[in-house]
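Peer 1: Sharing model32.cif here; it has mmCIF, C-alpha atoms.
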data_my_file
#
loop_
_atom_site.label_atom_id
_atom_site.label_comp_id
_atom_site.auth_asym_id
_atom_site.auth_seq_id
_atom_site.Cartn_x
_atom_site.Cartn_y
_atom_site.Cartn_z
CA MET A 1 -100.24 200.93 122.00
CA PHE A 2 -103.32 203.10 121.52
CA ASN A 3 -105.61 200.50 123.05
CA GLU A 4 -103.21 199.90 125.91
CA PHE A 5 -103.42 203.59 126.80
CA GLY A 6 -107.23 203.58 126.52
CA TYR A 7 -107.55 205.21 123.09
CA ALA A 8 -108.81 203.99 119.73
CA ILE A 9 -107.25 204.87 116.39
CA THR A 10 -109.92 206.99 114.76
CA HIS A 11 -108.01 208.45 111.81
CA ILE A 12 -105.03 207.59 109.69
CA GLY A 13 -102.79 209.51 107.35
CA ILE A 14 -100.95 207.48 104.76
CA ILE A 15 -98.79 208.34 101.80
CA SER A 16 -98.07 205.45 99.46
CA GLN A 17 -98.56 204.41 95.86
CA SER A 18 -102.34 204.12 96.34
CA PHE A 19 -102.79 206.91 98.89
CA LYS A 20 -101.35 210.21 97.72
CA SER A 21 -103.50 212.72 99.57
CA ASN A 22 -102.10 214.54 102.58
CA LYS A 23 -105.53 214.37 104.23
CA ILE A 24 -106.26 212.11 107.13
CA LEU A 25 -108.83 209.38 106.64
CA THR A 26 -111.33 207.89 109.04
CA ILE A 27 -110.43 204.35 110.06
CA SER A 28 -114.05 203.21 109.91
CA ARG A 29 -114.32 203.99 106.18
CA ASN A 30 -110.78 203.24 105.00
CA GLU A 31 -109.27 200.44 107.09
CA LYS A 32 -110.11 197.68 104.60
CA LYS A 33 -108.57 199.59 101.67
CA ILE A 34 -105.43 200.37 103.64
CA VAL A 35 -105.02 196.80 104.94
CA LYS A 36 -105.52 195.41 101.42
CA ALA A 37 -102.86 197.73 99.99
CA LEU A 38 -100.41 196.68 102.71
CA GLN A 39 -101.21 192.98 102.24
CA ASP A 40 -100.61 193.42 98.51
CA GLY A 41 -97.06 194.53 99.35
CA GLU A 42 -97.43 198.28 99.19
CA ILE A 43 -94.89 200.01 101.44
CA PRO A 44 -96.01 203.40 102.75
CA ASN A 45 -93.64 206.37 102.69
CA SER A 46 -95.43 207.75 105.74
CA ILE A 47 -98.15 206.57 108.08
CA GLU A 48 -99.82 208.53 110.88
CA CYS A 49 -102.29 207.14 113.39
CA TYR A 50 -104.49 209.51 115.40
CA SER A 51 -106.99 209.26 118.19
CA LEU A 52 -109.23 212.27 117.67
CA GLN A 53 -112.32 213.44 119.51
CA THR A 54 -115.49 213.41 117.44
CA ASN A 55 -115.66 217.20 117.47
CA PHE A 56 -112.00 217.83 116.52
CA ARG A 57 -111.18 220.91 114.46
CA THR A 58 -107.56 220.36 113.44
CA ALA A 59 -105.97 216.92 113.65
CA MET A 60 -102.48 218.35 114.16
CA PHE A 61 -103.57 220.00 117.42
CA ASP A 62 -106.66 218.14 118.66
CA TYR A 63 -105.35 214.59 118.98
CA GLU A 64 -105.44 212.56 122.18
CA ILE A 65 -102.54 210.38 121.06
CA LEU A 66 -100.53 210.25 117.83
CA CYS A 67 -97.94 208.00 116.22
CA ILE A 68 -96.04 208.85 113.04
CA ARG A 69 -93.64 206.65 111.10
CA ASN A 70 -91.91 207.88 107.97
CA VAL A 71 -88.52 207.43 106.33
CA GLY A 72 -86.86 209.99 108.62
CA TYR A 73 -88.25 209.24 112.06
CA MET A 74 -90.81 207.55 114.26
CA THR A 75 -92.53 209.53 116.97
CA PHE A 76 -95.15 208.72 119.54
CA VAL A 77 -96.90 211.75 121.03
CA ILE A 78 -99.05 211.51 124.15
CA ASN A 79 -100.40 213.84 126.79
CA ASP A 80 -98.24 214.41 129.87
CA THR A 81 -101.09 213.07 132.00
CA ASP A 82 -100.83 209.73 130.17
CA LEU A 83 -97.07 209.36 130.58
CA ASN A 84 -95.38 207.42 133.33
CA LEU A 85 -92.15 205.41 133.45
CA ASN A 86 -93.90 202.12 132.66
CA ARG A 87 -95.66 203.55 129.60
CA GLU A 88 -92.48 205.27 128.47
CA LYS A 89 -90.67 201.91 128.51
CA LYS A 90 -93.54 200.27 126.58
CA ILE A 91 -93.43 202.97 123.91
CA ILE A 92 -89.66 202.62 123.49
CA THR A 93 -89.89 198.81 123.34
CA PHE A 94 -92.69 199.15 120.76
CA GLU A 95 -90.64 201.52 118.60
CA LYS A 96 -87.56 199.28 118.78
CA LYS A 97 -89.60 196.48 117.20
CA PHE A 98 -89.89 198.53 114.01
CA ILE A 99 -86.80 200.74 113.85
CA THR A 100 -83.17 200.84 114.88
CA ILE A 101 -82.92 203.88 117.09
CA GLU A 102 -79.84 205.84 116.02
CA LYS A 103 -80.81 208.98 117.87
CA GLY A 104 -83.78 209.09 120.18
CA GLU A 105 -85.06 211.01 123.10
CA VAL A 106 -87.97 211.64 125.36
CA TYR A 107 -88.93 215.30 125.40
CA SER A 108 -91.81 217.51 126.35
CA THR A 109 -93.47 220.41 124.58
CA THR A 110 -96.99 221.70 124.12
CA ASN A 111 -99.00 220.12 121.33
CA LYS A 112 -99.85 223.65 120.17
CA GLU A 113 -96.26 223.91 118.95
CA VAL A 114 -96.52 220.73 116.84
CA PRO A 115 -93.91 218.46 118.45
CA MET A 116 -93.41 216.68 115.12
CA ILE A 117 -91.47 219.75 113.94
CA TYR A 118 -88.72 218.78 116.36
CA ALA A 119 -88.90 215.11 115.36
CA GLU A 120 -88.45 216.16 111.72
CA THR A 121 -85.79 218.86 112.15
CA LYS A 122 -83.99 217.80 115.38
CA ASP A 123 -83.73 221.54 116.13
CA SER A 124 -85.08 222.37 119.58
CA THR A 125 -84.98 226.10 118.85
CA ASN A 126 -88.10 225.56 116.72
CA LEU A 127 -90.13 224.99 119.91
CA ALA A 128 -90.36 227.59 122.67
CA THR A 129 -91.53 225.05 125.26
CA TYR A 130 -89.10 222.23 124.35
CA GLU A 131 -87.84 220.40 127.43
CA PHE A 132 -85.31 217.54 127.13
CA ILE A 133 -86.10 214.61 129.43
CA LYS A 134 -83.63 211.87 128.44
CA LYS A 135 -81.81 210.12 125.59
CA ILE A 136 -82.96 206.78 124.26
CA GLN A 137 -80.21 204.27 123.56
#
Is it possible to give me this structure as structure tokens?
Peer 2:
Amino acid sequence: MFNEFGYAITHIGIISQSFKSNKILTISRNEKKIVKALQDGEIPNSIECYSLQTNFRTAMFDYEILCIRNVGYMTFVINDTDLNLNREKKIITFEKKFITIEKGEVYSTTNKEVPMIYAETKDSTNLATYEFIKKIQ
């Protein structure tokens, strides 16, 4: 999905048996270790993929595109300028390959409010700029 939208995955966050740090890792230096762990049957508790600019300061705010999958939710966060109906459908189709969507929605908020807070809590009052767009069935 990143490549399809014109972005490369530059960093990854992973929590698993082998990867316990909450720090994000550069793909260029860690991809082989992560792939080997997955091929050896390790199942991550959480995995985050980021496309970050080379001069980023804080990954949680400076991403171009972000995808998170953990035991509680899967979220795909992109800039409004990158979203259109065709891409929205591709994202939903992509997510449905990996999860059964029990409750899903498309929503908008600023990335400065950390949209993952809503994905985690399902409480829109946590975000001042939260705007519901539609439910995903």
Peer 1: Any idea what's packed within 9 Å of A:Ile133, counting only C-alpha atoms, ignoring anything in its chain fewer than 6 positions away? Could you give it as a ChimeraX atom specification?
Peer 2: /A:105-108
Peer 1: Take the PyMOL selection byres ((chain A and resi 57-71) around 7), run it mentally on this structure, and tell me the resulting residues as a PyMOL selection string.
Peer 2: chain A and resi 45-52+55-56+72-79+111-112+114
Peer 1: Please dump the current selection as a PDB file, keeping the file's coordinate frame; keep C-alpha atoms.
Peer 2:
ATOM      1  CA  ASN A  45     -93.640 206.370 102.690  1.00  0.00           C
ATOM      2  CA  SER A  46     -95.430 207.750 105.740  1.00  0.00           C
ATOM      3  CA  ILE A  47     -98.150 206.570 108.080  1.00  0.00           C
ATOM      4  CA  GLU A  48     -99.820 208.530 110.880  1.00  0.00           C
ATOM      5  CA  CYS A  49    -102.290 207.140 113.390  1.00  0.00           C
ATOM      6  CA  TYR A  50    -104.490 209.510 115.400  1.00  0.00           C
ATOM      7  CA  SER A  51    -106.990 209.260 118.190  1.00  0.00           C
ATOM      8  CA  LEU A  52    -109.230 212.270 117.670  1.00  0.00           C
ATOM      9  CA  ASN A  55    -115.660 217.200 117.470  1.00  0.00           C
ATOM     10  CA  PHE A  56    -112.000 217.830 116.520  1.00  0.00           C
ATOM     11  CA  GLY A  72     -86.860 209.990 108.620  1.00  0.00           C
ATOM     12  CA  TYR A  73     -88.250 209.240 112.060  1.00  0.00           C
ATOM     13  CA  MET A  74     -90.810 207.550 114.260  1.00  0.00           C
ATOM     14  CA  THR A  75     -92.530 209.530 116.970  1.00  0.00           C
ATOM     15  CA  PHE A  76     -95.150 208.720 119.540  1.00  0.00           C
ATOM     16  CA  VAL A  77     -96.900 211.750 121.030  1.00  0.00           C
ATOM     17  CA  ILE A  78     -99.050 211.510 124.150  1.00  0.00           C
ATOM     18  CA  ASN A  79    -100.400 213.840 126.790  1.00  0.00           C
ATOM     19  CA  ASN A 111     -99.000 220.120 121.330  1.00  0.00           C
ATOM     20  CA  LYS A 112     -99.850 223.650 120.170  1.00  0.00           C
ATOM     21  CA  VAL A 114     -96.520 220.730 116.840  1.00  0.00           C
TER      22      VAL A 114
END
Peer 1: Please, what distance in Å, to one decimal, runs between atom CA of A:Ser21 and atom CA of A:Val35?
Peer 2: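 Answer for the atom CA of A:Ser21 to atom CA of A:Val35 separation: 16.9 Å.
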Peer 1: Evaluate the PyMOL selection byres ((chain A and resi 23) around 10) here and jot the selected residues down as a PDB file with C-alpha atoms, keeping the file's coordinate frame.
Peer 2:
ATOM      1  CA  HIS A  11    -108.010 208.450 111.810  1.00  0.00           C
ATOM      2  CA  ILE A  12    -105.030 207.590 109.690  1.00  0.00           C
ATOM      3  CA  GLY A  13    -102.790 209.510 107.350  1.00  0.00           C
ATOM      4  CA  ILE A  14    -100.950 207.480 104.760  1.00  0.00           C
ATOM      5  CA  ILE A  15     -98.790 208.340 101.800  1.00  0.00           C
ATOM      6  CA  PHE A  19    -102.790 206.910  98.890  1.00  0.00           C
ATOM      7  CA  LYS A  20    -101.350 210.210  97.720  1.00  0.00           C
ATOM      8  CA  SER A  21    -103.500 212.720  99.570  1.00  0.00           C
ATOM      9  CA  ASN A  22    -102.100 214.540 102.580  1.00  0.00           C
ATOM     10  CA  ILE A  24    -106.260 212.110 107.130  1.00  0.00           C
ATOM     11  CA  LEU A  25    -108.830 209.380 106.640  1.00  0.00           C
ATOM     12  CA  THR A  26    -111.330 207.890 109.040  1.00  0.00           C
ATOM     13  CA  ALA A  59    -105.970 216.920 113.650  1.00  0.00           C
TER      14      ALA A  59
END
Peer 1: Written as a PyMOL selection string, which residues does the PyMOL selection byres ((chain A and resi 136) around 8) give for the file shown?
Peer 2: chain A and resi 92+101+103-106+134-135+137
Peer 1: Separation of atom CA of A:Arg87 and atom CA of A:Ala119, in Å?
Peer 2: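 Atom CA of A:Arg87 sits 19.5 Å away from atom CA of A:Ala119.
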Peer 1: For a test of reading the model, state the distance in Å between atom CA of A:Ile43 and atom CA of A:Ser16, rounded to one decimal.
Peer 2: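 We find that atom CA of A:Ile43 and atom CA of A:Ser16 lie 6.6 Å from each other.
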Peer 1: Anything within 8 Å of (-89.1, 220.7, 120.2): list those residues as a VMD selection string, counting all atoms listed in the file and sticking to the file's coordinates.
Peer 2: chain A and resid 107 to 109 113 115 to 119 122 to 131
